[in-house]
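Participant: Take a look at this one; I'll ask things after.
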Number of protein chains: 2
Amino acid sequence: MIPLHAIRAVLVRPTHPGNIGGVARALKNMGLVQLYLVAPSRYPSEEATARAAGAEDVLTRAVVCRDLDEAIRDCHYVVGASARSSRHIDWPLLDPAECAARLIAGAASGPVALLFGPERAGLANAELDRCHALSYIPANPDYPSLNLACAAQVFAYEIRRAALQERPPMRAAEPPATVEELEHFYRHLERVLIRIRFLDPENPRLLLRRLRRLYNRAGLDKNEINILRGILTAVDKATAKLDKDTRE
Amino acid sequence: MIPLHAIRAVLVRPTHPGNIGGVARALKNMGLVQLYLVAPSRYPSEEATARAAGAEDVLTRAVVCRDLDEAIRDCHYVVGASARSSRHIDWPLLDPAECAARLIAGAASGPVALLFGPERAGLANAELDRCHALSYIPANPDYPSLNLACAAQVFAYEIRRAALQERPPMRAAEPPATVEELEHFYRHLERVLIRIRFLDPENPRLLLRRLRRLYNRAGLDKNEINILRGILTAVDKATAKLDKDTRE
């Protein structure tokens, strides 16, 4: 995995200390550790620590700077997170996944930064000028302004995804049933359905096909096949007497 | 764009009212409007309204329910957001993007739900049993627990992305079974398994859970539910005589 410590989140003039703590938590949840604070209104703050909820280490190591240039001096690639897409028509505009891919690629050669502006106003033009690209979370046009910690969470999530580049396996554990095991099950099922008079042996096709479709779709594992065959055997036993009675 | 109003977020026993407001905002930012609250500790609450910050309409329309079944009765597909991946090895495990694709596909045929458990404990086993799949935000293993509003933000972000991509529905044709229909089926199945002596009524948990998982994974439609219930009824009839004999 790419060293995530080369990627820093920079909060520019954040006004609510609770959001600083929330961002620290969001970063750490995704394995990011570098937080820079440019001229925060109130910091340190008990509210920030409370909202950090276990990510106090990220807060403790946060670097407080007087201005943006101090925070990104050593960075070679800078993206500004923007709440609005229309305003910045001349910047390369990345969606969060593209933004994450660029930051991860850049982090291999040195520090890179993702900037978040103040809660209400967003980044000022002079700050946007420092950015190589802007990134925008596609939002409800009638209500586009995300909470700062939530916006950081989305970007951090995409950064971690890009770093892992491996999706979690869909399912695991028990080995899947083979076609042969499935066919044994379907034949057993057919015999039982005939025995309990649910299936007309003269015309079984459609019903069996539907049941096959259902179980094939589920993707049975060996354990599940054993359970289902066990149920069929129990029905066999429970109805054996009935069969005998009928024959007599 | 797919109608997002068919997708509901369900907060199960949320303890912090601030988080309820934060979730309302996160949903509305992404164009989602349906919020269900199952037995919230404190609600309504000024803190919830403050954190909603412009999404008060989502809060006002939120449906408060006594239990989970009431909140998802009419849903035909239910995903549980899980903080831990290792615990639920036998459920289909979706990453948030896959989860979003499934919810969007499902929303074309009726209501679908995404469940979030209480802040500390997560969803209980009986609640997980209602889920067709679980979804997991790949997080820092040393610090995996996201703030509730931040987790909702990530899922809502992926849902909006999936909706904007307008993928074709995963399956079509027959209308899907609702949770209520599924629960009737599971209860019928349990009765039959006890009757045929496959299930020990004193200790039914693990087996029933495995069967639930199998059928939830398949995503049954109404026609299939009718077939399966028909089979159970046929077993009932075929074993009725046996039961009588045993009693005599």
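Ordering of the structure tokens sets the chain letters (A, B, ...), residue numbers begin anew at 1 in every chain, and ligands are numbered from 1 in the order given.
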Computed after least-squares fitting of chain A to chain B on all C-alpha atoms in order, what is the RMSD in Å?

Facilitator: 22.3 Å

Participant: Can you tell me which residues surround Trp91 in chain B at a distance of at most 8 Å, considering only C-alpha atoms, apart from same-chain residues fewer than 5 positions away, and format the answer as a list in words?

Facilitator: Arg171 of chain A; His132, Ala133, Leu134, Arg213 and Arg217 of chain B

Participant: With C-alpha atoms kept, could you save the residues just selected as a short mmCIF file (atom, residue, chain, number, x, y, z; two decimals), in the first residue's frame?

Facilitator:
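Writing done, so here's again.cif:
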```cif
data_model
loop_
_atom_site.label_atom_id
_atom_site.label_comp_id
_atom_site.auth_asym_id
_atom_site.auth_seq_id
_atom_site.Cartn_x
_atom_site.Cartn_y
_atom_site.Cartn_z
CA ARG A 171 -18.00 -13.87 -0.06
CA HIS B 132 -30.02 -9.59 2.19
CA ALA B 133 -26.43 -8.39 2.24
CA LEU B 134 -23.99 -6.45 4.39
CA ARG B 213 -28.87 -16.19 4.63
CA ARG B 217 -28.93 -13.93 -0.85
#
```

Participant: Given a cut-off of 7 Å, which residues of chain B touch chain A, counting only C-alpha atoms, written out as a PyMOL selection string?

Facilitator: chain B and resi 26+28-31+89-95+139-140+143-146+150+153-154+196-198+214+217-218+231+234-235+238-239+242

Participant: So how many Å separate CA of Glu47 in chain A and CA of Gly21 in chain B, to one decimal?

Facilitator: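 Taking CA of Glu47 in chain A and CA of Gly21 in chain B, their separation equals 17.6 Å.
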
Participant: Give the strand (DSSP E or B) residues of range 19-243 of chain A, as DSSP finds them on the backbone, and put them as a tab-separated table (two decimals) with C-alpha atoms, in the first residue's frame.

Facilitator:
```
chain	number	residue	atom	x	y	z
A	34	GLN	CA	-1.41	14.32	8.30
A	35	LEU	CA	-3.62	17.22	9.31
A	36	TYR	CA	-2.64	20.86	8.77
A	37	LEU	CA	-4.70	23.74	10.15
A	38	VAL	CA	-4.37	27.19	8.59
A	63	VAL	CA	0.46	21.35	12.28
A	64	VAL	CA	-0.99	24.81	12.84
A	65	CYS	CA	0.09	27.38	10.22
A	77	TYR	CA	0.70	18.62	-6.04
A	78	VAL	CA	-2.28	20.42	-4.50
A	79	VAL	CA	-5.99	19.84	-5.03
A	80	GLY	CA	-8.69	22.16	-3.70
A	81	ALA	CA	-11.96	20.60	-2.57
A	82	SER	CA	-14.70	22.83	-3.86
A	93	LEU	CA	-12.08	19.51	-12.34
A	94	LEU	CA	-11.69	16.03	-10.84
A	112	VAL	CA	0.78	16.26	-1.75
A	113	ALA	CA	-2.14	18.22	-0.27
A	114	LEU	CA	-5.90	18.33	-0.36
A	115	LEU	CA	-7.33	21.70	0.72
A	116	PHE	CA	-10.68	22.34	2.37
A	133	ALA	CA	-6.74	21.00	-9.80
A	134	LEU	CA	-10.08	21.27	-8.07
A	135	SER	CA	-12.29	18.42	-6.98
A	136	TYR	CA	-16.01	18.46	-6.50
A	176	PRO	CA	-18.85	-23.59	-3.28
A	221	ASP	CA	-21.85	-23.62	-0.84
```

Participant: Using only C-alpha atoms, which protein or nucleic acid residues come within 12 Å of Gly122 in chain A? Drop anything in the same chain fewer than 2 positions from it, and give the result as a list in words.

Facilitator: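 Skipping anything fewer than 2 positions along the chain leaves Leu11, Val12, Arg13, Pro14, Thr15, Gly80, Ala81, Ser82, Ala83, Arg84, Ser85, Arg87, His88, Leu115, Phe116, Gly117, Pro118, Glu119, Arg120, Ala124, Asn125, Ala126, Glu127, Leu128, Ser145, Leu146, Asn147 and Leu148 of chain A.
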
Participant: Write a file of the just-selected residues containing N, CA and C atoms, as a PDB file, in the first residue's frame.

Facilitator:
```pdb
ATOM      1  N   LEU A  11      -6.957  22.136   6.389  1.00  0.00           N
ATOM      2  CA  LEU A  11      -8.183  22.892   6.642  1.00  0.00           C
ATOM      3  C   LEU A  11      -7.823  24.372   6.678  1.00  0.00           C
ATOM      4  N   VAL A  12      -8.376  25.121   5.738  1.00  0.00           N
ATOM      5  CA  VAL A  12      -8.059  26.541   5.647  1.00  0.00           C
ATOM      6  C   VAL A  12      -9.107  27.357   6.397  1.00  0.00           C
ATOM      7  N   ARG A  13      -8.667  28.060   7.435  1.00  0.00           N
ATOM      8  CA  ARG A  13      -9.521  28.914   8.270  1.00  0.00           C
ATOM      9  C   ARG A  13     -10.826  28.239   8.710  1.00  0.00           C
ATOM     10  N   PRO A  14     -10.722  27.058   9.315  1.00  0.00           N
ATOM     11  CA  PRO A  14     -11.957  26.405   9.797  1.00  0.00           C
ATOM     12  C   PRO A  14     -12.539  27.195  10.957  1.00  0.00           C
ATOM     13  N   THR A  15     -13.868  27.331  10.977  1.00  0.00           N
ATOM     14  CA  THR A  15     -14.497  28.161  12.026  1.00  0.00           C
ATOM     15  C   THR A  15     -15.024  27.338  13.200  1.00  0.00           C
ATOM     16  N   GLY A  80      -7.729  21.456  -4.541  1.00  0.00           N
ATOM     17  CA  GLY A  80      -8.691  22.160  -3.699  1.00  0.00           C
ATOM     18  C   GLY A  80     -10.051  21.487  -3.773  1.00  0.00           C
ATOM     19  N   ALA A  81     -10.596  21.135  -2.593  1.00  0.00           N
ATOM     20  CA  ALA A  81     -11.961  20.597  -2.568  1.00  0.00           C
ATOM     21  C   ALA A  81     -12.915  21.780  -2.667  1.00  0.00           C
ATOM     22  N   SER A  82     -13.817  21.700  -3.614  1.00  0.00           N
ATOM     23  CA  SER A  82     -14.701  22.833  -3.862  1.00  0.00           C
ATOM     24  C   SER A  82     -16.144  22.412  -3.747  1.00  0.00           C
ATOM     25  N   ALA A  83     -16.950  23.253  -3.109  1.00  0.00           N
ATOM     26  CA  ALA A  83     -18.367  22.934  -2.963  1.00  0.00           C
ATOM     27  C   ALA A  83     -19.144  23.245  -4.239  1.00  0.00           C
ATOM     28  N   ARG A  84     -18.578  24.084  -5.041  1.00  0.00           N
ATOM     29  CA  ARG A  84     -19.319  24.492  -6.243  1.00  0.00           C
ATOM     30  C   ARG A  84     -18.542  24.117  -7.496  1.00  0.00           C
ATOM     31  N   SER A  85     -19.225  23.654  -8.490  1.00  0.00           N
ATOM     32  CA  SER A  85     -18.527  23.249  -9.700  1.00  0.00           C
ATOM     33  C   SER A  85     -18.472  24.373 -10.733  1.00  0.00           C
ATOM     34  N   ARG A  87     -18.185  27.604 -10.550  1.00  0.00           N
ATOM     35  CA  ARG A  87     -17.408  28.811 -10.339  1.00  0.00           C
ATOM     36  C   ARG A  87     -16.000  28.719 -10.935  1.00  0.00           C
ATOM     37  N   HIS A  88     -15.510  27.499 -11.024  1.00  0.00           N
ATOM     38  CA  HIS A  88     -14.079  27.339 -11.275  1.00  0.00           C
ATOM     39  C   HIS A  88     -13.840  26.702 -12.630  1.00  0.00           C
ATOM     40  N   LEU A 115      -6.897  20.533  -0.050  1.00  0.00           N
ATOM     41  CA  LEU A 115      -7.334  21.701   0.722  1.00  0.00           C
ATOM     42  C   LEU A 115      -8.848  21.742   0.885  1.00  0.00           C
ATOM     43  N   PHE A 116      -9.270  22.092   2.102  1.00  0.00           N
ATOM     44  CA  PHE A 116     -10.682  22.336   2.374  1.00  0.00           C
ATOM     45  C   PHE A 116     -10.836  23.774   2.855  1.00  0.00           C
ATOM     46  N   GLY A 117     -11.735  24.517   2.261  1.00  0.00           N
ATOM     47  CA  GLY A 117     -11.943  25.912   2.629  1.00  0.00           C
ATOM     48  C   GLY A 117     -12.787  26.070   3.878  1.00  0.00           C
ATOM     49  N   PRO A 118     -12.983  27.332   4.326  1.00  0.00           N
ATOM     50  CA  PRO A 118     -13.830  27.605   5.491  1.00  0.00           C
ATOM     51  C   PRO A 118     -15.262  27.128   5.232  1.00  0.00           C
ATOM     52  N   GLU A 119     -15.973  26.798   6.326  1.00  0.00           N
ATOM     53  CA  GLU A 119     -17.283  26.173   6.225  1.00  0.00           C
ATOM     54  C   GLU A 119     -18.255  26.924   5.308  1.00  0.00           C
ATOM     55  N   ARG A 120     -18.312  28.243   5.435  1.00  0.00           N
ATOM     56  CA  ARG A 120     -19.329  28.944   4.641  1.00  0.00           C
ATOM     57  C   ARG A 120     -18.800  29.441   3.305  1.00  0.00           C
ATOM     58  N   ALA A 124     -10.680  31.039  -0.949  1.00  0.00           N
ATOM     59  CA  ALA A 124     -10.599  32.339  -1.627  1.00  0.00           C
ATOM     60  C   ALA A 124      -9.844  32.173  -2.949  1.00  0.00           C
ATOM     61  N   ASN A 125      -9.999  33.162  -3.821  1.00  0.00           N
ATOM     62  CA  ASN A 125      -9.357  33.055  -5.140  1.00  0.00           C
ATOM     63  C   ASN A 125      -7.844  32.893  -5.045  1.00  0.00           C
ATOM     64  N   ALA A 126      -7.212  33.639  -4.122  1.00  0.00           N
ATOM     65  CA  ALA A 126      -5.757  33.532  -3.977  1.00  0.00           C
ATOM     66  C   ALA A 126      -5.358  32.127  -3.545  1.00  0.00           C
ATOM     67  N   GLU A 127      -6.246  31.462  -2.814  1.00  0.00           N
ATOM     68  CA  GLU A 127      -5.963  30.087  -2.377  1.00  0.00           C
ATOM     69  C   GLU A 127      -6.190  29.096  -3.519  1.00  0.00           C
ATOM     70  N   LEU A 128      -7.224  29.357  -4.291  1.00  0.00           N
ATOM     71  CA  LEU A 128      -7.470  28.503  -5.461  1.00  0.00           C
ATOM     72  C   LEU A 128      -6.289  28.563  -6.433  1.00  0.00           C
ATOM     73  N   SER A 145     -24.007  21.894  -0.023  1.00  0.00           N
ATOM     74  CA  SER A 145     -22.916  22.140   0.911  1.00  0.00           C
ATOM     75  C   SER A 145     -22.825  21.068   1.992  1.00  0.00           C
ATOM     76  N   LEU A 146     -21.797  20.225   1.882  1.00  0.00           N
ATOM     77  CA  LEU A 146     -21.600  19.149   2.855  1.00  0.00           C
ATOM     78  C   LEU A 146     -20.966  19.680   4.126  1.00  0.00           C
ATOM     79  N   ASN A 147     -21.285  19.027   5.229  1.00  0.00           N
ATOM     80  CA  ASN A 147     -20.534  19.251   6.461  1.00  0.00           C
ATOM     81  C   ASN A 147     -19.053  18.968   6.189  1.00  0.00           C
ATOM     82  N   LEU A 148     -18.176  19.758   6.820  1.00  0.00           N
ATOM     83  CA  LEU A 148     -16.741  19.665   6.535  1.00  0.00           C
ATOM     84  C   LEU A 148     -16.192  18.261   6.819  1.00  0.00           C
TER      85      LEU A 148
END
```

Participant: Can you tell me how far CA of Ala50 in chain A sits from CA of Ser45 in chain B, in Å to one decimal?

Facilitator: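 Between these atoms lies a distance of 19.9 Å.
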
Participant: One decimal, Å: what's the distance from CA of Asp57 in chain B over to CA of Ala24 in chain A, could you say?

Facilitator: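 Computing the Euclidean distance for CA of Asp57 in chain B and CA of Ala24 in chain A yields 29.2 Å.
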
Participant: Given the choices B:Arg130, B:Arg73, B:Arg61, B:Arg205, which gets closest to Glu180 in chain B if the distance is worked out from only C-alpha atoms?

Facilitator: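 Residue with the minimum atom-to-atom distance to Glu180 in chain B: B:Arg73.
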
Participant: As a compact mmCIF listing (two decimals) with N, CA and C atoms, in the first residue's frame, please: all residues of range 13-226 of chain B that backbone DSSP puts in alpha helix (DSSP H).

Facilitator:
```txt
# COMPACT_ATOMS: atom_id res chain seq x y z
N PRO B 17 -28.59 12.41 19.29
CA PRO B 17 -29.46 13.17 18.39
C PRO B 17 -28.69 13.99 17.36
N GLY B 18 -27.48 14.45 17.74
CA GLY B 18 -26.67 15.20 16.78
C GLY B 18 -26.41 14.38 15.53
N ASN B 19 -26.18 13.10 15.71
CA ASN B 19 -25.93 12.23 14.57
C ASN B 19 -27.16 12.11 13.66
N ILE B 20 -28.35 12.12 14.27
CA ILE B 20 -29.57 12.03 13.45
C ILE B 20 -29.63 13.24 12.52
N GLY B 21 -29.35 14.43 13.07
CA GLY B 21 -29.32 15.63 12.22
C GLY B 21 -28.24 15.55 11.17
N GLY B 22 -27.06 15.07 11.57
CA GLY B 22 -25.96 14.94 10.62
C GLY B 22 -26.28 13.99 9.48
N VAL B 23 -26.97 12.91 9.80
CA VAL B 23 -27.38 11.96 8.76
C VAL B 23 -28.40 12.61 7.82
N ALA B 24 -29.35 13.35 8.38
CA ALA B 24 -30.35 14.03 7.54
C ALA B 24 -29.67 14.94 6.53
N ARG B 25 -28.69 15.68 7.01
CA ARG B 25 -27.96 16.57 6.10
C ARG B 25 -27.20 15.78 5.04
N ALA B 26 -26.50 14.73 5.47
CA ALA B 26 -25.71 13.92 4.53
C ALA B 26 -26.61 13.33 3.44
N LEU B 27 -27.80 12.88 3.84
CA LEU B 27 -28.72 12.30 2.87
C LEU B 27 -29.16 13.36 1.86
N LYS B 28 -29.63 14.51 2.40
CA LYS B 28 -30.16 15.54 1.50
C LYS B 28 -29.09 16.07 0.56
N ASN B 29 -27.86 16.18 1.06
CA ASN B 29 -26.76 16.61 0.18
C ASN B 29 -26.66 15.74 -1.06
N GLU B 46 -33.30 19.40 19.81
CA GLU B 46 -32.73 20.63 19.24
C GLU B 46 -31.38 20.36 18.59
N GLU B 47 -30.63 19.43 19.18
CA GLU B 47 -29.32 19.11 18.65
C GLU B 47 -29.44 18.51 17.25
N ALA B 48 -30.43 17.66 17.08
CA ALA B 48 -30.65 17.06 15.76
C ALA B 48 -30.96 18.15 14.74
N THR B 49 -31.85 19.06 15.11
CA THR B 49 -32.24 20.12 14.20
C THR B 49 -31.06 21.02 13.85
N ALA B 50 -30.23 21.34 14.88
CA ALA B 50 -29.07 22.20 14.64
C ALA B 50 -28.10 21.54 13.64
N ARG B 51 -27.83 20.27 13.85
CA ARG B 51 -26.86 19.60 12.97
C ARG B 51 -27.45 19.37 11.57
N ALA B 52 -28.77 19.33 11.45
CA ALA B 52 -29.38 19.13 10.14
C ALA B 52 -29.09 20.31 9.22
N GLU B 56 -33.82 20.31 7.57
CA GLU B 56 -34.89 20.09 8.55
C GLU B 56 -36.08 19.39 7.91
N ASP B 57 -36.27 19.60 6.60
CA ASP B 57 -37.41 18.95 5.94
C ASP B 57 -37.27 17.42 5.99
N VAL B 58 -36.03 16.93 5.85
CA VAL B 58 -35.82 15.47 5.94
C VAL B 58 -36.14 14.98 7.34
N LEU B 59 -35.74 15.77 8.34
CA LEU B 59 -36.05 15.42 9.74
C LEU B 59 -37.55 15.43 9.99
N THR B 60 -38.22 16.48 9.51
CA THR B 60 -39.66 16.62 9.74
C THR B 60 -40.43 15.43 9.17
N LEU B 68 -37.55 -2.57 14.13
CA LEU B 68 -37.01 -2.61 12.77
C LEU B 68 -38.03 -3.15 11.78
N ASP B 69 -38.76 -4.20 12.16
CA ASP B 69 -39.71 -4.78 11.22
C ASP B 69 -40.72 -3.75 10.72
N GLU B 70 -41.14 -2.86 11.61
CA GLU B 70 -42.07 -1.82 11.21
C GLU B 70 -41.44 -0.91 10.15
N ALA B 71 -40.15 -0.70 10.25
CA ALA B 71 -39.48 0.24 9.34
C ALA B 71 -39.22 -0.35 7.97
N ILE B 72 -39.16 -1.68 7.86
CA ILE B 72 -38.76 -2.29 6.58
C ILE B 72 -39.80 -3.25 6.04
N PRO B 96 -19.15 -0.32 -0.63
CA PRO B 96 -20.21 0.70 -0.75
C PRO B 96 -20.65 0.95 -2.19
N ALA B 97 -19.75 0.82 -3.15
CA ALA B 97 -20.15 1.04 -4.54
C ALA B 97 -21.07 -0.08 -5.03
N GLU B 98 -20.74 -1.31 -4.68
CA GLU B 98 -21.61 -2.43 -5.04
C GLU B 98 -22.96 -2.32 -4.34
N CYS B 99 -22.90 -1.94 -3.06
CA CYS B 99 -24.13 -1.74 -2.29
C CYS B 99 -25.03 -0.72 -2.98
N ALA B 100 -24.43 0.38 -3.40
CA ALA B 100 -25.20 1.43 -4.07
C ALA B 100 -25.81 0.93 -5.37
N ALA B 101 -25.04 0.16 -6.13
CA ALA B 101 -25.56 -0.36 -7.40
C ALA B 101 -26.76 -1.26 -7.16
N ARG B 102 -26.68 -2.11 -6.12
CA ARG B 102 -27.80 -3.00 -5.81
C ARG B 102 -29.03 -2.22 -5.36
N LEU B 103 -28.81 -1.23 -4.51
CA LEU B 103 -29.95 -0.44 -4.00
C LEU B 103 -30.62 0.30 -5.15
N ILE B 104 -29.83 0.88 -6.02
CA ILE B 104 -30.38 1.61 -7.16
C ILE B 104 -31.15 0.65 -8.08
N ALA B 105 -30.57 -0.50 -8.34
CA ALA B 105 -31.26 -1.48 -9.19
C ALA B 105 -32.57 -1.91 -8.53
N GLY B 106 -32.51 -2.16 -7.23
CA GLY B 106 -33.70 -2.59 -6.50
C GLY B 106 -34.77 -1.52 -6.43
N ALA B 107 -34.36 -0.28 -6.33
CA ALA B 107 -35.32 0.83 -6.16
C ALA B 107 -36.27 0.94 -7.34
N ASN B 125 -27.84 -9.37 16.07
CA ASN B 125 -27.96 -10.52 15.17
C ASN B 125 -29.35 -10.65 14.57
N ALA B 126 -30.38 -10.43 15.38
CA ALA B 126 -31.75 -10.55 14.87
C ALA B 126 -31.99 -9.50 13.78
N GLU B 127 -31.30 -8.38 13.87
CA GLU B 127 -31.45 -7.34 12.85
C GLU B 127 -30.66 -7.70 11.60
N LEU B 128 -29.50 -8.28 11.79
CA LEU B 128 -28.71 -8.74 10.64
C LEU B 128 -29.48 -9.81 9.87
N LEU B 148 -21.38 8.18 12.64
CA LEU B 148 -22.59 7.72 11.94
C LEU B 148 -22.91 8.59 10.72
N ALA B 149 -22.84 9.92 10.90
CA ALA B 149 -23.16 10.81 9.77
C ALA B 149 -22.13 10.66 8.65
N CYS B 150 -20.88 10.43 9.02
CA CYS B 150 -19.83 10.25 8.00
C CYS B 150 -20.03 8.95 7.24
N ALA B 151 -20.41 7.90 7.94
CA ALA B 151 -20.68 6.63 7.27
C ALA B 151 -21.86 6.79 6.31
N ALA B 152 -22.92 7.46 6.79
CA ALA B 152 -24.08 7.69 5.93
C ALA B 152 -23.68 8.52 4.70
N GLN B 153 -22.75 9.46 4.92
CA GLN B 153 -22.30 10.31 3.81
C GLN B 153 -21.62 9.46 2.72
N VAL B 154 -20.77 8.54 3.14
CA VAL B 154 -20.07 7.70 2.15
C VAL B 154 -21.07 6.87 1.35
N PHE B 155 -22.01 6.24 2.04
CA PHE B 155 -23.00 5.42 1.31
C PHE B 155 -23.87 6.29 0.41
N ALA B 156 -24.31 7.44 0.94
CA ALA B 156 -25.17 8.33 0.14
C ALA B 156 -24.43 8.85 -1.09
N TYR B 157 -23.16 9.13 -0.91
CA TYR B 157 -22.31 9.56 -2.03
C TYR B 157 -22.26 8.49 -3.11
N GLU B 158 -22.06 7.24 -2.69
CA GLU B 158 -21.99 6.16 -3.68
C GLU B 158 -23.35 5.94 -4.34
N ILE B 159 -24.42 6.10 -3.57
CA ILE B 159 -25.76 5.93 -4.14
C ILE B 159 -26.02 7.00 -5.19
N ARG B 160 -25.64 8.23 -4.89
CA ARG B 160 -25.84 9.29 -5.88
C ARG B 160 -25.00 9.02 -7.13
N ARG B 161 -23.75 8.59 -6.92
CA ARG B 161 -22.90 8.25 -8.07
C ARG B 161 -23.54 7.17 -8.94
N ALA B 162 -24.03 6.13 -8.29
CA ALA B 162 -24.64 5.03 -9.03
C ALA B 162 -25.90 5.50 -9.76
N ALA B 163 -26.67 6.38 -9.10
CA ALA B 163 -27.90 6.87 -9.72
C ALA B 163 -27.57 7.73 -10.94
N LEU B 164 -26.52 8.51 -10.84
CA LEU B 164 -26.15 9.38 -11.96
C LEU B 164 -25.67 8.54 -13.15
N GLN B 165 -25.05 7.41 -12.84
CA GLN B 165 -24.58 6.54 -13.93
C GLN B 165 -25.72 5.80 -14.61
N VAL B 179 -40.23 -7.93 2.82
CA VAL B 179 -39.72 -8.50 4.08
C VAL B 179 -40.82 -9.25 4.80
N GLU B 180 -42.04 -8.70 4.79
CA GLU B 180 -43.15 -9.36 5.47
C GLU B 180 -43.42 -10.74 4.88
N GLU B 181 -43.45 -10.82 3.55
CA GLU B 181 -43.66 -12.11 2.90
C GLU B 181 -42.54 -13.09 3.23
N LEU B 182 -41.31 -12.56 3.25
CA LEU B 182 -40.17 -13.42 3.61
C LEU B 182 -40.32 -13.95 5.03
N GLU B 183 -40.72 -13.06 5.95
CA GLU B 183 -40.85 -13.50 7.34
C GLU B 183 -41.92 -14.58 7.49
N HIS B 184 -43.04 -14.44 6.76
CA HIS B 184 -44.06 -15.49 6.78
C HIS B 184 -43.47 -16.81 6.29
N PHE B 185 -42.70 -16.73 5.22
CA PHE B 185 -42.06 -17.93 4.68
C PHE B 185 -41.11 -18.56 5.71
N TYR B 186 -40.29 -17.74 6.35
CA TYR B 186 -39.33 -18.29 7.31
C TYR B 186 -40.05 -18.96 8.49
N ARG B 187 -41.17 -18.35 8.93
CA ARG B 187 -41.91 -18.95 10.04
C ARG B 187 -42.53 -20.28 9.62
N HIS B 188 -43.05 -20.31 8.39
CA HIS B 188 -43.63 -21.55 7.86
C HIS B 188 -42.54 -22.62 7.75
N LEU B 189 -41.41 -22.23 7.22
CA LEU B 189 -40.28 -23.16 7.07
C LEU B 189 -39.88 -23.73 8.43
N GLU B 190 -39.82 -22.87 9.44
CA GLU B 190 -39.43 -23.32 10.78
C GLU B 190 -40.42 -24.37 11.31
N ARG B 191 -41.74 -24.08 11.13
CA ARG B 191 -42.75 -25.03 11.61
C ARG B 191 -42.59 -26.39 10.93
N VAL B 192 -42.36 -26.36 9.61
CA VAL B 192 -42.25 -27.62 8.88
C VAL B 192 -40.99 -28.38 9.30
N LEU B 193 -39.89 -27.66 9.49
CA LEU B 193 -38.65 -28.33 9.87
C LEU B 193 -38.76 -28.98 11.23
N ILE B 194 -39.54 -28.35 12.12
CA ILE B 194 -39.76 -28.95 13.43
C ILE B 194 -40.63 -30.19 13.28
N ARG B 195 -41.68 -30.05 12.46
CA ARG B 195 -42.60 -31.17 12.26
C ARG B 195 -41.89 -32.41 11.70
N ARG B 205 -31.38 -21.87 16.38
CA ARG B 205 -30.82 -20.61 15.89
C ARG B 205 -29.93 -20.75 14.65
N LEU B 206 -28.86 -21.52 14.77
CA LEU B 206 -27.84 -21.51 13.73
C LEU B 206 -28.38 -21.99 12.40
N LEU B 207 -29.15 -23.08 12.44
CA LEU B 207 -29.67 -23.63 11.20
C LEU B 207 -30.58 -22.63 10.50
N LEU B 208 -31.49 -22.03 11.26
CA LEU B 208 -32.42 -21.07 10.65
C LEU B 208 -31.67 -19.87 10.08
N ARG B 209 -30.65 -19.45 10.80
CA ARG B 209 -29.88 -18.31 10.32
C ARG B 209 -29.21 -18.64 8.99
N ARG B 210 -28.70 -19.85 8.87
CA ARG B 210 -28.06 -20.24 7.62
C ARG B 210 -29.05 -20.29 6.47
N LEU B 211 -30.25 -20.78 6.76
CA LEU B 211 -31.26 -20.84 5.71
C LEU B 211 -31.71 -19.43 5.30
N ARG B 212 -31.87 -18.56 6.30
CA ARG B 212 -32.22 -17.17 5.99
C ARG B 212 -31.18 -16.55 5.06
N ARG B 213 -29.95 -16.77 5.40
CA ARG B 213 -28.87 -16.19 4.63
C ARG B 213 -28.92 -16.65 3.18
N LEU B 214 -29.15 -17.95 3.03
CA LEU B 214 -29.21 -18.53 1.68
C LEU B 214 -30.33 -17.87 0.87
N TYR B 215 -31.54 -17.83 1.45
CA TYR B 215 -32.68 -17.31 0.68
C TYR B 215 -32.61 -15.80 0.52
N ASN B 216 -32.12 -15.10 1.54
CA ASN B 216 -31.95 -13.65 1.38
C ASN B 216 -30.97 -13.34 0.25
N ARG B 217 -29.93 -14.16 0.18
CA ARG B 217 -28.93 -13.93 -0.85
C ARG B 217 -29.52 -14.10 -2.25
N ALA B 218 -30.42 -15.05 -2.37
CA ALA B 218 -31.01 -15.30 -3.70
C ALA B 218 -31.90 -14.14 -4.14
N LYS B 222 -41.95 -12.72 -5.77
CA LYS B 222 -43.23 -13.17 -5.21
C LYS B 222 -43.61 -14.56 -5.70
N ASN B 223 -43.34 -14.82 -6.97
CA ASN B 223 -43.67 -16.12 -7.54
C ASN B 223 -42.89 -17.24 -6.85
N GLU B 224 -41.61 -16.98 -6.61
CA GLU B 224 -40.79 -18.00 -5.95
C GLU B 224 -41.23 -18.25 -4.51
N ILE B 225 -41.59 -17.16 -3.83
CA ILE B 225 -42.13 -17.31 -2.47
C ILE B 225 -43.37 -18.20 -2.51
N ASN B 226 -44.23 -17.99 -3.50
CA ASN B 226 -45.44 -18.80 -3.61
C ASN B 226 -45.11 -20.27 -3.85
```
